[in-house]
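Notes for the one structure printed next.
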Amino acid sequence: MQIALAIQRHNQGQKKNKGKTILIFDEQRDFENTVEDLIAQPPEFTDVFYGYQAKNKGRLDQIIDTAYFVKSHHSYLIQTADTVAFVSRLYLQLTVYGMQESYSRELNRIQEWFDMIRGRLIPRTHVYPNGSDDIFKFYRSAAPHDMPF
């Protein structure tokens, strides 16, 4: 759900972008129906996350239809997303959480890869926005404190 909220928040500021976002996830049979239901009917407590106002638009109006799920080995797009997630996670583990390098100069290699993708990631302010509502506090409490993007 948080991915959909962050994408909604990020994309709604772009002109002529309504309904032009497709969410494609790696196949997760245990969660597919739940994710589809949450995107189709997001809980009202999420409205504050992206400034929803009923008079103006539908909830999550940047997203087309629903979430789609595919097997990663059938989709280069999912494989690319998996690679970005892997590099980002490893970068955070090495720089924020103090994980030791598995081999000499691992951090240098991961840093180079992360620098290539950093500018294409959704900004932290859209993923973990400031605000006093419980949903903001919850997501910020789960976020790495020194996240560099």
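In the structure tokens, each chain is lettered A, B, ... as it comes, each chain's residues begin at 1, and ligands are numbered from 1 in order of appearance.
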
Using only C-alpha atoms, find each residue of segment 91-138 of chain A with at least one atom at most 10 Å away from an atom of segment 37-54 of chain A; report its shortest atom-to-atom pair and that distance in Å (one decimal), sort the rows by chain and rising residue number, and return the result as a Markdown table.
```
| residue | atom | partner | partner_atom | distance |
| --- | --- | --- | --- | --- |
| A:His126 | CA | A:Tyr50 | CA | 8.6 |
| A:Val127 | CA | A:Phe49 | CA | 9.4 |
| A:Tyr128 | CA | A:Phe49 | CA | 9.2 |
| A:Pro129 | CA | A:Phe49 | CA | 7.6 |
| A:Asn130 | CA | A:Phe49 | CA | 9.4 |
| A:Gly131 | CA | A:Phe49 | CA | 8.6 |
| A:Asp133 | CA | A:Val48 | CA | 7.7 |
| A:Asp134 | CA | A:Phe45 | CA | 8.7 |
| A:Ile135 | CA | A:Thr46 | CA | 7.0 |
| A:Phe136 | CA | A:Phe49 | CA | 7.1 |
```

Residue selection dump (C-alpha atoms) as a PDB file, in the first residue's frame:
```
ATOM      1  CA  HIS A 126       7.053  11.510  -1.056  1.00  0.00           C
ATOM      2  CA  VAL A 127       7.770   8.122   0.498  1.00  0.00           C
ATOM      3  CA  TYR A 128       8.064   9.297   4.125  1.00  0.00           C
ATOM      4  CA  PRO A 129       6.373  12.723   4.221  1.00  0.00           C
ATOM      5  CA  ASN A 130       6.305  14.997   7.237  1.00  0.00           C
ATOM      6  CA  GLY A 131       3.038  15.339   9.064  1.00  0.00           C
ATOM      7  CA  ASP A 133      -1.108  12.115  11.451  1.00  0.00           C
ATOM      8  CA  ASP A 134      -0.578   8.542  12.601  1.00  0.00           C
ATOM      9  CA  ILE A 135       0.063   7.235   9.077  1.00  0.00           C
ATOM     10  CA  PHE A 136       3.020   9.622   8.660  1.00  0.00           C
TER      11      PHE A 136
END
```

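Across A:Ile7, A:Asn33, A:Phe25, A:Asp65, the tightest approach to Asp82 of chain A is made by A:Phe25 when counting only C-alpha atoms.
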
Exercise for review: List every residue of chain A that DSSP, applied to the backbone, labels as helix (DSSP H, G or I), and write the result as a count of residues only.
Suggested key: 77

Exercise for review: May I ask for the distance between atom CA of Arg29 of chain A and atom CA of Ala142 of chain A, given in Å to one decimal place?
Suggested key: 24.4 Å

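For Ile117 of chain A, the list of residues within 9 Å, based on only C-alpha atoms and with local chain neighbours fewer than 2 positions off taken out, reads Val84, Val87, Ser88, Trp113, Phe114, Asp115, Gly119, Arg120 and Leu121 of chain A.
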
Would you output that residue set with C-alpha atoms, as a short mmCIF file (atom, residue, chain, number, x, y, z; two decimals), in the first residue's frame?
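File written: part_32.cif
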```
data_model
loop_
_atom_site.label_atom_id
_atom_site.label_comp_id
_atom_site.auth_asym_id
_atom_site.auth_seq_id
_atom_site.Cartn_x
_atom_site.Cartn_y
_atom_site.Cartn_z
CA VAL A 84 17.37 -1.58 -8.07
CA VAL A 87 21.43 -2.32 -4.80
CA SER A 88 19.43 0.11 -2.63
CA TRP A 113 25.80 1.47 -8.76
CA PHE A 114 23.69 3.37 -6.25
CA ASP A 115 24.89 6.71 -7.64
CA GLY A 119 18.36 10.37 -9.05
CA ARG A 120 15.62 8.12 -10.43
CA LEU A 121 14.21 7.06 -7.06
#
```

Exercise for review: Could you give me, as a VMD selection string, the residues within 10 Å of Pro144 of chain A, counting only C-alpha atoms and dropping anything in the same chain fewer than 4 positions from it?
Suggested key: chain A and resid 92 to 93 96 to 97 140 148

Could those residues be written to a file, using N, CA and C atoms, as a JSON list (two decimals), in the first residue's frame?
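The result, stored in selection.json:
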```json
[["chain", "number", "residue", "atom", "x", "y", "z"],
["A", 92, "LEU", "N", 22.11, 0.64, 1.78],
["A", 92, "LEU", "CA", 21.65, 1.01, 3.13],
["A", 92, "LEU", "C", 22.29, 0.13, 4.19],
["A", 93, "GLN", "N", 22.38, -1.16, 3.94],
["A", 93, "GLN", "CA", 22.99, -2.05, 4.92],
["A", 93, "GLN", "C", 24.44, -1.68, 5.19],
["A", 96, "VAL", "N", 24.25, 2.62, 6.39],
["A", 96, "VAL", "CA", 23.41, 3.06, 7.51],
["A", 96, "VAL", "C", 23.42, 2.05, 8.65],
["A", 97, "TYR", "N", 23.34, 0.78, 8.31],
["A", 97, "TYR", "CA", 23.19, -0.26, 9.34],
["A", 97, "TYR", "C", 24.50, -0.93, 9.75],
["A", 140, "ARG", "N", 7.32, 6.81, 8.92],
["A", 140, "ARG", "CA", 8.63, 7.36, 9.30],
["A", 140, "ARG", "C", 9.32, 6.49, 10.34],
["A", 148, "PRO", "N", 19.73, 8.08, 2.50],
["A", 148, "PRO", "CA", 20.40, 9.11, 1.69],
["A", 148, "PRO", "C", 19.66, 9.53, 0.43]]
```

Review point. What gap, in Å, lies between atom CA of Arg118 of chain A and atom CA of Leu94 of chain A?
Key: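 Computing it gives 15.6 Å between the two atoms.
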